[in-house]
$ cat data_39.txt   # compact mmCIF, C-alpha atoms
# COMPACT_ATOMS: atom_id res chain seq x y z
CA MET A 821 -53.67 -82.68 -66.80
CA ALA A 822 -50.83 -83.47 -64.44
CA GLY A 823 -47.38 -85.01 -64.45
CA PHE A 824 -45.41 -85.22 -67.68
CA THR A 825 -48.34 -85.38 -70.08
CA VAL A 826 -49.07 -82.32 -72.24
CA HIS A 827 -51.57 -84.09 -74.50
CA LEU A 828 -54.05 -86.82 -73.57
CA ASP A 829 -56.99 -88.22 -75.50
CA GLU A 830 -59.33 -89.58 -72.83
CA ASN A 831 -61.19 -91.59 -75.47
CA ALA A 832 -58.13 -93.31 -76.90
CA GLY A 833 -58.47 -97.05 -77.16
CA PRO A 834 -55.77 -99.74 -77.11
CA ALA A 835 -54.89 -99.05 -80.77
CA SER A 836 -53.25 -95.69 -80.08
CA THR A 837 -49.88 -94.00 -80.35
CA HIS A 838 -48.08 -92.86 -77.21
CA ALA A 839 -45.13 -90.48 -77.50
CA LEU A 840 -42.38 -89.50 -75.07
CA VAL A 841 -40.37 -86.42 -76.09
CA ILE A 842 -37.25 -85.27 -74.23
CA GLY A 843 -35.09 -82.21 -74.94
CA VAL A 844 -32.09 -81.48 -72.72
CA GLY A 845 -30.18 -78.25 -73.29
CA ALA A 846 -29.53 -76.80 -69.82
CA TYR A 847 -27.19 -79.04 -67.80
CA THR A 848 -26.77 -78.19 -64.12
CA HIS A 849 -23.24 -79.56 -63.74
CA LEU A 850 -21.68 -78.80 -67.14
CA ASP A 851 -19.80 -75.65 -68.14
CA GLY A 852 -22.14 -72.67 -67.99
CA GLY A 853 -24.54 -74.38 -65.58
CA PRO A 854 -25.31 -73.19 -62.05
CA SER A 855 -23.12 -75.85 -60.41
CA PRO A 856 -20.39 -76.95 -62.85
CA THR A 857 -18.42 -80.04 -61.94
CA ASP A 858 -14.65 -80.45 -62.09
CA HIS A 859 -15.07 -84.13 -62.95
CA PRO A 860 -12.61 -84.98 -65.78
CA GLY A 861 -15.33 -86.85 -67.65
CA ALA A 862 -17.24 -83.58 -68.18
CA VAL A 863 -14.42 -81.82 -70.05
CA GLY A 864 -15.62 -80.47 -73.40
CA MET A 865 -19.33 -80.82 -72.63
CA ARG A 866 -21.34 -77.60 -72.59
CA GLN A 867 -24.80 -76.11 -72.55
CA LEU A 868 -26.90 -76.65 -75.70
CA SER A 869 -29.43 -74.27 -77.26
CA SER A 870 -30.96 -76.58 -79.87
CA PRO A 871 -32.46 -79.56 -77.96
CA PRO A 872 -35.33 -77.74 -76.19
CA LEU A 873 -36.31 -76.00 -79.44
CA SER A 874 -36.09 -79.25 -81.37
CA ALA A 875 -38.09 -81.22 -78.81
CA ARG A 876 -40.78 -78.53 -78.68
CA ALA A 877 -41.02 -78.56 -82.49
CA PHE A 878 -41.32 -82.35 -82.63
CA ALA A 879 -43.94 -82.41 -79.85
CA THR A 880 -45.90 -79.68 -81.64
CA TRP A 881 -45.80 -81.67 -84.89
CA MET A 882 -46.88 -84.90 -83.17
CA ILE A 883 -49.90 -83.23 -81.56
CA GLY A 884 -50.89 -81.05 -84.49
CA GLU A 885 -49.92 -83.00 -87.61
CA TYR A 886 -49.30 -86.67 -86.85
CA ASN A 887 -51.96 -88.79 -88.52
CA ASP A 888 -52.52 -92.51 -88.42
CA LYS A 889 -56.17 -93.50 -88.42
CA GLY A 890 -55.30 -96.98 -87.21
CA ARG A 891 -53.23 -95.65 -84.28
CA PRO A 892 -54.19 -92.03 -83.48
CA LEU A 893 -52.21 -90.10 -80.91
CA GLY A 894 -53.38 -91.11 -77.45
CA SER A 895 -50.85 -89.27 -75.32
CA LEU A 896 -47.68 -87.23 -75.43
CA ALA A 897 -45.37 -86.67 -72.48
CA LEU A 898 -42.77 -83.91 -72.64
CA LEU A 899 -39.66 -83.25 -70.53
CA LEU A 900 -37.41 -80.25 -71.13
CA SER A 901 -34.31 -78.72 -69.63
CA GLU A 902 -33.93 -75.20 -71.02
CA ALA A 903 -32.16 -72.01 -70.05
CA ALA A 904 -35.45 -70.08 -69.80
CA PRO A 905 -38.26 -72.52 -68.92
CA ALA A 906 -41.61 -71.63 -70.42
CA PRO A 907 -45.02 -73.33 -70.75
CA PHE A 908 -45.65 -75.59 -73.72
CA PRO A 909 -48.71 -74.53 -75.74
CA ASN A 910 -50.71 -77.55 -76.92
CA PRO A 911 -51.40 -76.73 -80.61
CA LYS A 912 -54.82 -78.39 -80.50
CA THR A 913 -56.22 -77.04 -77.24
CA GLN A 914 -54.12 -73.83 -77.03
CA VAL A 915 -53.64 -74.63 -73.33
CA GLY A 916 -50.20 -73.86 -71.92
CA HIS A 917 -48.63 -76.65 -69.85
CA VAL A 918 -45.87 -76.36 -67.29
CA VAL A 919 -43.15 -78.78 -68.45
CA GLU A 920 -41.28 -80.92 -65.96
CA ALA A 921 -37.47 -80.83 -65.97
CA ALA A 922 -35.57 -83.57 -67.81
CA THR A 923 -33.76 -84.90 -64.73
CA ILE A 924 -32.91 -88.58 -64.63
CA ASP A 925 -35.55 -89.37 -61.99
CA ASN A 926 -38.22 -87.65 -64.09
CA ILE A 927 -37.03 -89.44 -67.22
CA VAL A 928 -37.22 -92.82 -65.47
CA ALA A 929 -40.73 -92.06 -64.18
CA ALA A 930 -41.88 -90.79 -67.59
CA VAL A 931 -40.51 -93.85 -69.39
CA THR A 932 -42.37 -96.10 -66.94
CA GLU A 933 -45.68 -94.27 -67.49
CA TRP A 934 -45.16 -94.23 -71.26
CA LYS A 935 -44.42 -97.95 -71.39
CA ASP A 936 -47.50 -98.73 -69.30
CA ARG A 937 -49.75 -96.59 -71.52
CA GLY A 938 -48.56 -98.42 -74.62
CA ASP A 939 -48.68 -101.92 -73.18
CA HIS A 940 -51.23 -103.17 -75.72
CA ASP A 941 -50.81 -105.37 -78.80
CA GLU A 942 -52.23 -102.72 -81.16
CA ALA A 943 -50.31 -99.76 -79.70
CA ARG A 944 -47.40 -97.77 -81.13
CA LEU A 945 -44.69 -96.19 -78.99
CA VAL A 946 -42.72 -93.15 -80.19
CA PHE A 947 -39.56 -92.05 -78.35
CA TYR A 948 -37.64 -88.85 -79.14
CA PHE A 949 -34.51 -87.57 -77.40
CA CYS A 950 -32.37 -84.53 -78.22
CA GLY A 951 -29.40 -83.61 -76.06
CA HIS A 952 -25.94 -84.80 -75.10
CA GLY A 953 -25.10 -88.43 -75.70
CA VAL A 954 -22.00 -90.56 -75.40
CA SER A 955 -21.24 -94.02 -76.68
CA LEU A 956 -19.41 -96.62 -74.65
CA GLY A 957 -18.63 -99.52 -76.98
CA THR A 958 -21.67 -99.99 -79.20
CA ASP A 959 -24.20 -98.74 -76.63
CA SER A 960 -25.32 -95.17 -76.01
CA SER A 961 -25.94 -93.16 -72.87
CA LEU A 962 -28.40 -90.26 -73.15
CA LEU A 963 -27.47 -87.60 -70.60
CA ALA A 964 -30.14 -86.14 -68.33
CA ALA A 965 -30.06 -82.54 -67.09
CA ASP A 966 -28.47 -83.54 -63.77
CA ILE A 967 -25.69 -85.73 -65.17
CA PHE A 968 -22.67 -85.63 -62.81
CA ALA A 969 -24.87 -85.03 -59.76
CA ASP A 970 -23.50 -88.38 -58.58
CA ARG A 971 -19.77 -87.72 -58.71
CA ASN A 972 -18.85 -91.30 -57.83
CA SER A 973 -20.97 -92.80 -60.61
CA PRO A 974 -21.86 -90.02 -63.08
CA LEU A 975 -23.76 -92.21 -65.52
CA ASN A 976 -26.42 -92.79 -62.89
CA GLY A 977 -27.60 -89.53 -64.42
CA ALA A 978 -28.04 -91.03 -67.89
CA LEU A 979 -30.46 -93.32 -69.68
CA HIS A 980 -28.99 -96.49 -71.17
CA PHE A 981 -30.67 -96.26 -74.56
CA GLU A 982 -29.99 -99.63 -76.16
CA ALA A 983 -31.03 -101.35 -72.92
CA LEU A 984 -34.32 -99.44 -73.21
CA VAL A 985 -34.85 -100.68 -76.78
CA ARG A 986 -34.08 -104.25 -75.74
CA GLY A 987 -36.16 -104.03 -72.58
CA LEU A 988 -39.20 -102.79 -74.50
CA ASN A 989 -39.47 -106.25 -75.98
CA ASN A 990 -41.36 -106.72 -72.71
CA CYS A 991 -43.93 -104.11 -73.76
CA ARG A 992 -46.79 -105.48 -75.84
CA ALA A 993 -46.79 -102.51 -78.25
CA ALA A 994 -46.44 -104.06 -81.69
CA GLN A 995 -44.77 -101.00 -83.25
CA GLN A 996 -42.03 -98.92 -81.62
CA VAL A 997 -40.19 -95.98 -83.17
CA PHE A 998 -37.13 -94.27 -81.67
CA PHE A 999 -35.49 -90.99 -82.74
CA VAL A 1000 -32.12 -90.30 -81.11
CA ASP A 1001 -30.79 -86.81 -81.89
CA ALA A 1002 -27.56 -86.94 -79.92
CA CYS A 1003 -23.83 -87.42 -80.34
CA ARG A 1004 -22.57 -91.00 -80.36
CA GLU A 1005 -18.90 -90.27 -79.71
CA GLY A 1006 -16.91 -92.33 -77.27
CA SER A 1007 -15.69 -90.58 -74.14
CA ASP A 1008 -12.40 -92.05 -72.96
CA ALA A 1009 -12.25 -89.62 -70.03
CA LEU A 1010 -15.69 -90.66 -68.87
CA VAL A 1011 -14.99 -94.38 -69.32
CA ASN A 1012 -11.65 -94.19 -67.55
CA THR A 1013 -13.07 -92.32 -64.57
CA ALA A 1014 -16.60 -93.73 -64.38
CA GLY A 1015 -15.92 -97.25 -65.60
CA ARG A 1016 -18.16 -99.53 -67.61
CA ASP A 1017 -20.20 -100.91 -64.72
CA THR A 1018 -23.13 -98.72 -65.70
CA LEU A 1019 -24.03 -97.10 -69.00
CA GLY A 1020 -27.02 -95.39 -67.42
CA ARG A 1021 -30.32 -96.27 -65.83
CA VAL A 1022 -32.10 -99.36 -67.11
CA VAL A 1023 -35.82 -98.65 -66.77
CA VAL A 1024 -37.25 -101.74 -68.46
CA GLY A 1025 -35.19 -104.89 -68.09
CA GLY A 1026 -35.13 -107.74 -70.54
CA ASN A 1027 -33.88 -108.81 -73.92
CA LEU A 1028 -36.01 -111.32 -75.85
CA ARG A 1029 -39.68 -110.84 -76.64
CA PRO A 1030 -42.02 -113.23 -74.81
CA THR A 1031 -43.48 -115.83 -77.16
CA ALA A 1032 -47.02 -114.96 -76.03
CA PHE A 1033 -46.66 -111.37 -77.39
CA VAL A 1034 -47.40 -110.39 -80.97
CA PRO A 1035 -44.17 -109.89 -82.97
CA ARG A 1036 -42.62 -106.44 -82.61
CA LYS A 1037 -41.78 -104.12 -85.50
CA HIS A 1038 -39.39 -101.39 -84.46
CA ALA A 1039 -37.34 -98.63 -86.08
CA VAL A 1040 -34.37 -96.89 -84.47
CA LEU A 1041 -33.18 -93.72 -86.24
CA TYR A 1042 -29.96 -92.12 -84.99
CA ALA A 1043 -28.88 -88.61 -85.99
CA THR A 1044 -25.36 -89.82 -86.68
CA LEU A 1045 -23.05 -92.80 -86.99
CA LEU A 1046 -21.52 -94.53 -84.00
CA GLY A 1047 -18.41 -92.62 -82.93
CA THR A 1048 -19.44 -89.29 -84.44
CA GLU A 1049 -21.10 -86.01 -83.44
CA ALA A 1050 -24.63 -84.83 -84.13
CA VAL A 1051 -24.82 -81.24 -85.38
CA ALA A 1052 -27.14 -78.27 -84.93
CA ARG A 1053 -27.46 -74.62 -85.84
CA ALA A 1054 -26.92 -72.49 -82.74
CA GLY A 1055 -30.23 -71.17 -81.48
CA GLY A 1056 -32.24 -73.21 -83.97
CA LEU A 1057 -33.46 -76.72 -84.65
CA SER A 1058 -30.92 -79.48 -84.91
CA LEU A 1059 -30.15 -80.53 -88.48
CA PHE A 1060 -31.59 -84.00 -87.88
CA THR A 1061 -34.86 -82.76 -86.39
CA ASP A 1062 -35.30 -80.11 -89.08
CA ALA A 1063 -34.80 -82.79 -91.76
CA LEU A 1064 -37.10 -85.18 -89.87
CA LEU A 1065 -39.97 -82.68 -89.71
CA ARG A 1066 -39.59 -81.64 -93.35
CA SER A 1067 -39.51 -85.31 -94.37
CA LEU A 1068 -42.73 -85.93 -92.45
CA ASP A 1069 -44.30 -82.99 -94.30
CA GLY A 1070 -43.84 -84.72 -97.61
CA SER A 1071 -40.38 -85.55 -98.92
CA GLY A 1072 -40.42 -88.87 -97.06
CA SER A 1073 -43.83 -89.83 -98.48
CA GLU A 1074 -45.15 -91.97 -101.33
CA ASN A 1075 -48.56 -92.94 -102.65
CA THR A 1076 -47.94 -96.24 -104.42
CA ALA A 1077 -51.22 -97.91 -103.38
CA ASP A 1078 -53.88 -95.18 -103.49
CA SER A 1079 -54.30 -91.42 -103.33
CA VAL A 1080 -53.06 -91.19 -99.72
CA TRP A 1081 -49.48 -90.03 -99.20
CA ARG A 1082 -47.82 -92.20 -96.54
CA VAL A 1083 -44.48 -91.92 -94.75
CA THR A 1084 -42.82 -95.24 -93.97
CA THR A 1085 -39.93 -95.66 -91.55
CA LEU A 1086 -37.35 -96.50 -94.24
CA ASN A 1087 -38.45 -93.70 -96.58
CA LEU A 1088 -38.22 -91.36 -93.61
CA LEU A 1089 -34.59 -92.29 -93.04
CA ARG A 1090 -33.73 -91.99 -96.74
CA SER A 1091 -35.26 -88.52 -96.89
CA ILE A 1092 -33.43 -87.31 -93.78
CA VAL A 1093 -30.10 -88.51 -95.20
CA ARG A 1094 -30.78 -86.71 -98.49
CA PHE A 1095 -31.49 -83.44 -96.68
CA ILE A 1096 -28.19 -83.63 -94.77
CA GLN A 1097 -26.37 -84.09 -98.09
CA GLU A 1098 -27.85 -80.97 -99.73
CA PRO A 1099 -25.89 -77.67 -99.35
CA PRO A 1100 -29.01 -75.46 -99.77
CA PHE A 1101 -30.49 -77.16 -96.70
CA ALA A 1102 -27.47 -77.96 -94.54
CA GLY A 1103 -25.23 -75.05 -95.52
CA ALA A 1104 -21.79 -75.30 -93.93
CA LEU A 1105 -22.95 -78.41 -92.04
CA VAL A 1106 -23.49 -80.45 -95.21
CA ASN A 1107 -22.45 -84.08 -94.62
CA ALA A 1108 -21.26 -83.18 -91.10
CA SER A 1109 -23.27 -86.14 -89.83
CA THR A 1110 -24.79 -89.26 -91.33
CA PRO A 1111 -28.19 -90.33 -89.99
CA VAL A 1112 -28.37 -94.09 -89.72
CA SER A 1113 -30.50 -96.98 -88.55
CA ASN A 1114 -28.83 -100.10 -87.25
CA GLU A 1115 -32.08 -102.03 -87.16
CA SER A 1116 -35.40 -101.04 -88.67
CA PHE A 1117 -38.49 -102.73 -89.97
CA ASP A 1118 -40.29 -100.88 -92.75
CA PHE A 1119 -43.85 -99.94 -91.85
CA ASP A 1120 -46.26 -97.02 -92.30
CA PHE A 1121 -45.76 -94.28 -89.74
CA HIS A 1122 -47.78 -91.27 -90.88
CA GLU A 1123 -50.43 -90.29 -93.42
CA LEU A 1124 -50.35 -86.76 -94.82
CA ARG A 1125 -53.60 -84.86 -94.43
CA GLY A 1126 -53.08 -83.11 -97.78
CA ASP A 1127 -50.54 -82.83 -100.55
CA PRO A 1128 -46.86 -83.30 -99.74
CA VAL A 1129 -44.56 -80.30 -99.54
CA VAL A 1130 -41.15 -81.05 -101.04
CA PRO A 1131 -37.87 -79.24 -101.69
CA VAL A 1132 -37.09 -78.33 -105.29
CA TYR A 1133 -33.48 -77.47 -106.11
CA ILE A 1134 -33.27 -74.91 -108.93
CA GLY A 1135 -29.96 -73.75 -110.33
CA CYS A 1136 -28.01 -72.79 -113.42
CA ALA A 1137 -25.80 -75.22 -115.31
CA ASP A 1138 -22.81 -73.06 -114.34
CA PRO A 1139 -22.99 -72.51 -110.53
CA GLU A 1140 -21.27 -69.14 -110.99
CA ASP A 1141 -24.45 -67.96 -112.71
CA ASN A 1142 -26.52 -68.66 -109.56
CA ALA A 1143 -25.01 -65.59 -107.91
CA ARG A 1144 -26.24 -63.23 -110.64
CA ALA A 1145 -29.63 -64.78 -111.42
CA GLU A 1146 -33.08 -63.82 -110.25
CA PHE A 1147 -35.01 -67.07 -109.81
CA ILE A 1148 -38.78 -67.14 -110.31
CA CYS A 1149 -41.23 -70.00 -109.71
CA ARG A 1150 -44.73 -69.73 -111.21
CA ARG A 1151 -47.88 -71.75 -110.69
CA ARG A 1152 -51.12 -70.92 -112.48
CA GLY A 1153 -53.25 -68.45 -110.55
CA ARG A 1154 -50.73 -67.87 -107.75
CA GLU A 1155 -48.30 -65.10 -106.91
CA PRO A 1156 -44.84 -66.11 -108.20
CA LEU A 1157 -42.14 -67.04 -105.72
CA ARG A 1158 -38.83 -65.27 -106.22
CA ARG A 1159 -35.24 -65.36 -105.07
CA PRO A 1160 -34.10 -61.82 -105.88
CA LEU A 1161 -30.63 -60.72 -106.81
CA PRO A 1162 -28.33 -60.04 -103.85
CA ASP A 1163 -28.01 -56.43 -102.72
CA PRO A 1164 -24.84 -54.60 -103.76
CA GLY A 1165 -22.04 -55.56 -101.43
CA GLU A 1166 -23.86 -58.69 -100.27
CA GLU A 1167 -22.01 -62.01 -100.44
CA PRO A 1168 -22.80 -63.77 -103.76
CA ASP A 1169 -24.82 -66.95 -103.31
CA LEU A 1170 -23.54 -69.72 -105.58
CA ARG A 1171 -25.97 -72.29 -104.18
CA GLU A 1172 -29.10 -73.49 -105.89
CA TRP A 1173 -32.40 -71.95 -104.89
CA ALA A 1174 -34.35 -74.43 -102.77
CA PRO A 1175 -38.01 -73.47 -102.24
CA PHE A 1176 -40.41 -75.91 -100.58
CA LEU A 1177 -43.35 -76.44 -102.92
CA PRO A 1178 -46.66 -78.26 -102.59
CA PHE A 1179 -47.11 -81.19 -104.96
CA GLY A 1180 -47.98 -79.95 -108.45
CA ARG A 1181 -46.78 -78.54 -111.76
CA TYR A 1182 -44.64 -75.39 -111.93
CA GLN A 1183 -42.60 -73.29 -114.32
CA VAL A 1184 -39.24 -72.01 -113.10
CA GLU A 1185 -37.06 -69.29 -114.59
CA ALA A 1186 -33.61 -67.86 -114.12
CA VAL A 1187 -33.34 -64.28 -115.34
CA LEU A 1188 -29.75 -63.09 -115.87
CA GLY A 1189 -30.48 -60.13 -118.14
CA PRO A 1190 -32.70 -58.98 -121.01
CA GLY A 1191 -31.21 -61.52 -123.41
CA ASP A 1192 -30.63 -64.36 -120.99
CA GLN A 1193 -33.81 -65.87 -119.59
CA ARG A 1194 -33.88 -69.62 -118.93
CA SER A 1195 -37.07 -71.57 -118.26
CA LYS A 1196 -38.29 -75.12 -117.58
CA LYS A 1197 -41.43 -76.87 -116.39
CA LEU A 1198 -41.35 -79.38 -113.55
CA ASP A 1199 -43.54 -81.59 -111.40
CA ALA A 1200 -42.79 -81.04 -107.71
CA ARG A 1201 -43.15 -84.46 -106.14
CA PRO A 1202 -41.53 -86.59 -103.42
CA PRO A 1203 -38.88 -87.17 -102.53
CA PHE A 1204 -36.94 -84.31 -104.18
CA PHE A 1205 -36.71 -82.64 -107.55
CA ARG A 1206 -33.68 -80.95 -109.13
CA VAL A 1207 -33.85 -78.77 -112.23
CA THR A 1208 -30.87 -77.28 -114.06
CA LEU A 1209 -31.38 -74.22 -116.24
CA ALA A 1210 -28.92 -74.03 -119.13
CA ARG A 1211 -28.19 -71.11 -121.42
CA PRO A 1212 -30.48 -71.27 -124.48
$ encode --input "data_39.txt" --output "structure tokens"
Amino acid sequence: MAGFTVHLDENAGPASTHALVIGVGAYTHLDGGPSPTDHPGAVGMRQLSSPPLSARAFATWMIGEYNDKGRPLGSLALLLSEAAPAPFPNPKTQVGHVVEAATIDNIVAAVTEWKDRGDHDEARLVFYFCGHGVSLGTDSSLLAADIFADRNSPLNGALHFEALVRGLNNCRAAQQVFFVDACREGSDALVNTAGRDTLGRVVVGGNLRPTAFVPRKHAVLYATLLGTEAVARAGGLSLFTDALLRSLDGSGSENTADSVWRVTTLNLLRSIVRFIQEPPFAGALVNASTPVSNESFDFDFHELRGDPVVPVYIGCADPEDNARAEFICRRRGREPLRRPLPDPGEEPDLREWAPFLPFGRYQVEAVLGPGDQRSKKLDARPPFFRVTLARP
């Protein structure tokens, strides 16, 4: 397998899903890179640790877990820019693939191949980007690893994202899903020095969908509102991608029609937003960003292969009691899950306990002493469940 593709189903028909995943963390010309620029538009931009990890995790999920019998995964292309490049292990074949760098020329070539693969009425396109982004007006520029290589026109090293979404009206794929895990802040310094003549490379030109094509359903999910930052835990997955993957595992699912748990595009967004609002998940970054979709059709995206796994928030009626409680979760025939008391001298944890539990019935307890044991039964089910344990 050559080029940008790390997964290819040779038997895939026209009704297939084709994914392009890009994670940019190592920037050649930003602070900390091998050739930092003194361009004023680059001030404040730095190297990122989260995007390569996040992109690898999303690519691994797409290959190993994504499930749509009507549009199975036909191909996945991966581009990474990381401080320590390493092969990508395909979770299905266990083959390690050398990953091409996420330079702008490679991104343009990969977008072209991806669009061509999905140029069928029954196809689905999936686009994922994690890295630096800037917004100029209402449009976004996604910054490639070699941004600022062209000093006279720095945004030649970026992808004009909204132009891509508009241009893909000229791709026959009836369903198109976009995940943009990047900041959407304006950059006055970049605008004032680079101008507005280009917001990045336009790979697929166009605006309106040709009348001969089947109507397009598309969903665009941004990690944050226009004019704000996306957030991540240093050295870990971004908050948006972590919430996205956990939502795909179950909290974004429903089974209203039959026994199959399905994730739709709108339920996916709702679940991601809920995660970001929960202190046990987001910690100090709670509500630091607001995932949003400016335009999204609602359609099925993924079918779970088994039961959903969902977060359950378990706490005492008085949050002060959370710090001195041992929490226990029991399910018939299984070893109980526990959140033990903190060690002496350890910082008290006032937050709720938030285990991820497979769909089913449980009993939860908070033990605060021999005479203070609080218990309730619950059904763990999507999207979330919260239980409060009061003093008897």
$ closest_atom_pairs --input "data_39.txt" --of "segment 976-1090 of chain A" --to "segment 940-961 of chain A" --cutoff "9 Å" --atoms "only C-alpha atoms" --output "JSON lines"
{"residue": "A:Ala978", "atom": "CA", "partner": "A:Ser961", "partner_atom": "CA", "distance": 5.8}
{"residue": "A:Leu979", "atom": "CA", "partner": "A:Ser961", "partner_atom": "CA", "distance": 5.5}
{"residue": "A:His980", "atom": "CA", "partner": "A:Ser961", "partner_atom": "CA", "distance": 4.8}
{"residue": "A:Phe981", "atom": "CA", "partner": "A:Ser960", "partner_atom": "CA", "distance": 5.6}
{"residue": "A:Glu982", "atom": "CA", "partner": "A:Asp959", "partner_atom": "CA", "distance": 5.9}
{"residue": "A:Ala983", "atom": "CA", "partner": "A:Asp959", "partner_atom": "CA", "distance": 8.2}
{"residue": "A:Cys991", "atom": "CA", "partner": "A:His940", "partner_atom": "CA", "distance": 7.6}
{"residue": "A:Arg992", "atom": "CA", "partner": "A:Asp941", "partner_atom": "CA", "distance": 5.0}
{"residue": "A:Ala993", "atom": "CA", "partner": "A:Ala943", "partner_atom": "CA", "distance": 4.7}
{"residue": "A:Ala994", "atom": "CA", "partner": "A:Asp941", "partner_atom": "CA", "distance": 5.4}
{"residue": "A:Gln995", "atom": "CA", "partner": "A:Arg944", "partner_atom": "CA", "distance": 4.7}
{"residue": "A:Gln996", "atom": "CA", "partner": "A:Leu945", "partner_atom": "CA", "distance": 4.6}
{"residue": "A:Val997", "atom": "CA", "partner": "A:Val946", "partner_atom": "CA", "distance": 4.8}
{"residue": "A:Phe998", "atom": "CA", "partner": "A:Phe947", "partner_atom": "CA", "distance": 4.7}
{"residue": "A:Phe999", "atom": "CA", "partner": "A:Tyr948", "partner_atom": "CA", "distance": 4.7}
{"residue": "A:Val1000", "atom": "CA", "partner": "A:Phe949", "partner_atom": "CA", "distance": 5.2}
{"residue": "A:Asp1001", "atom": "CA", "partner": "A:Cys950", "partner_atom": "CA", "distance": 4.6}
{"residue": "A:Ala1002", "atom": "CA", "partner": "A:Gly953", "partner_atom": "CA", "distance": 5.1}
{"residue": "A:Cys1003", "atom": "CA", "partner": "A:Gly953", "partner_atom": "CA", "distance": 4.9}
{"residue": "A:Arg1004", "atom": "CA", "partner": "A:Ser955", "partner_atom": "CA", "distance": 4.9}
{"residue": "A:Glu1005", "atom": "CA", "partner": "A:Val954", "partner_atom": "CA", "distance": 5.3}
{"residue": "A:Gly1006", "atom": "CA", "partner": "A:Ser955", "partner_atom": "CA", "distance": 4.7}
{"residue": "A:Ser1007", "atom": "CA", "partner": "A:Val954", "partner_atom": "CA", "distance": 6.4}
{"residue": "A:Asp1008", "atom": "CA", "partner": "A:Leu956", "partner_atom": "CA", "distance": 8.5}
{"residue": "A:Val1011", "atom": "CA", "partner": "A:Leu956", "partner_atom": "CA", "distance": 7.3}
{"residue": "A:Arg1016", "atom": "CA", "partner": "A:Leu956", "partner_atom": "CA", "distance": 7.7}
{"residue": "A:Leu1019", "atom": "CA", "partner": "A:Ser961", "partner_atom": "CA", "distance": 5.8}
{"residue": "A:Gly1020", "atom": "CA", "partner": "A:Ser961", "partner_atom": "CA", "distance": 6.0}
{"residue": "A:Arg1021", "atom": "CA", "partner": "A:Ser961", "partner_atom": "CA", "distance": 8.9}
{"residue": "A:Phe1033", "atom": "CA", "partner": "A:Asp941", "partner_atom": "CA", "distance": 7.4}
{"residue": "A:Val1034", "atom": "CA", "partner": "A:Asp941", "partner_atom": "CA", "distance": 6.4}
{"residue": "A:Leu1046", "atom": "CA", "partner": "A:Thr958", "partner_atom": "CA", "distance": 7.3}
{"residue": "A:Gly1047", "atom": "CA", "partner": "A:Ser955", "partner_atom": "CA", "distance": 7.0}
{"residue": "A:Ser1058", "atom": "CA", "partner": "A:Cys950", "partner_atom": "CA", "distance": 8.5}
{"residue": "A:Thr1061", "atom": "CA", "partner": "A:Cys950", "partner_atom": "CA", "distance": 8.7}
$ atom_distance --input "data_39.txt" --atom1 "atom CA of Val931 of chain A" --atom2 "atom CA of Thr913 of chain A"
24.3 Å
$ closest_residue --input "data_39.txt" --among "A:Ser1091, A:Asp858, A:His827, A:Asp851" --to "Thr880 of chain A" --atoms "all atoms listed in the file"
A:His827
$ closest_residue --input "data_39.txt" --among "A:Pro911, A:Pro1100, A:Gly833, A:Pro1030" --to "Asn989 of chain A" --atoms "only C-alpha atoms"
A:Pro1030
$ closest_atom_pairs --input "data_39.txt" --of "segment 1175-1208 of chain A" --to "segment 1080-1090 of chain A" --cutoff "12 Å" --atoms "all atoms listed in the file" --output "JSON lines"
{"residue": "A:Phe1179", "atom": "CA", "partner": "A:Trp1081", "partner_atom": "CA", "distance": 10.8}
{"residue": "A:Arg1201", "atom": "CA", "partner": "A:Trp1081", "partner_atom": "CA", "distance": 10.9}
{"residue": "A:Pro1202", "atom": "CA", "partner": "A:Trp1081", "partner_atom": "CA", "distance": 9.6}
{"residue": "A:Pro1203", "atom": "CA", "partner": "A:Asn1087", "partner_atom": "CA", "distance": 8.8}
{"residue": "A:Phe1204", "atom": "CA", "partner": "A:Arg1090", "partner_atom": "CA", "distance": 11.2}
$ residues_around --input "data_39.txt" --residues "Asp1199 of chain A" --least-positions-apart "5" --cutoff "8 Å" --atoms "all atoms listed in the file" --output "PyMOL selection string"
chain A and resi 1179-1182+1205
$ closest_atom_pairs --input "data_39.txt" --of "segment 981-1080 of chain A" --to "segment 1101-1114 of chain A" --cutoff "8 Å" --atoms "all atoms listed in the file" --output "tab-separated table"
residue	atom	partner	partner_atom	distance
A:Ala1039	CA	A:Ser1113	CA	7.5
A:Val1040	CA	A:Ser1113	CA	5.6
A:Leu1041	CA	A:Ser1113	CA	4.8
A:Tyr1042	CA	A:Val1112	CA	5.4
A:Ala1043	CA	A:Pro1111	CA	4.4
A:Thr1044	CA	A:Pro1111	CA	4.4
A:Leu1045	CA	A:Thr1110	CA	5.9
A:Thr1048	CA	A:Ser1109	CA	7.3
A:Glu1049	CA	A:Ser1109	CA	6.7
A:Ala1050	CA	A:Ser1109	CA	6.0
A:Val1051	CA	A:Ser1109	CA	6.8
A:Leu1059	CA	A:Ala1102	CA	7.1
A:Phe1060	CA	A:Pro1111	CA	7.5
$ atom_distance --input "data_39.txt" --atom1 "atom CA of Ala1210 of chain A" --atom2 "atom CA of Asp1138 of chain A"
7.8 Å
$ closest_residue --input "data_39.txt" --among "A:Glu1115, A:Ala1186, A:Asp1120, A:Pro1131" --to "Phe1147 of chain A" --atoms "only C-alpha atoms"
A:Ala1186
$ closest_residue --input "data_39.txt" --among "A:Leu840, A:Ser895, A:Cys1136, A:Leu988" --to "Asn926 of chain A" --atoms "all atoms listed in the file"
A:Leu840
$ atom_distance --input "data_39.txt" --atom1 "atom CA of Thr825 of chain A" --atom2 "atom CA of Leu873 of chain A"
17.9 Å
$ residues_around --input "data_39.txt" --residues "segment 1188-1190 of chain A" --least-positions-apart "3" --cutoff "10 Å" --atoms "all atoms listed in the file" --output "list of chain:residue names"
A:Asp1141, A:Asn1142, A:Ala1143, A:Arg1144, A:Ala1145, A:Glu1146, A:Phe1147, A:Leu1161, A:Glu1185, A:Gln1193, A:Arg1194, A:Arg1211
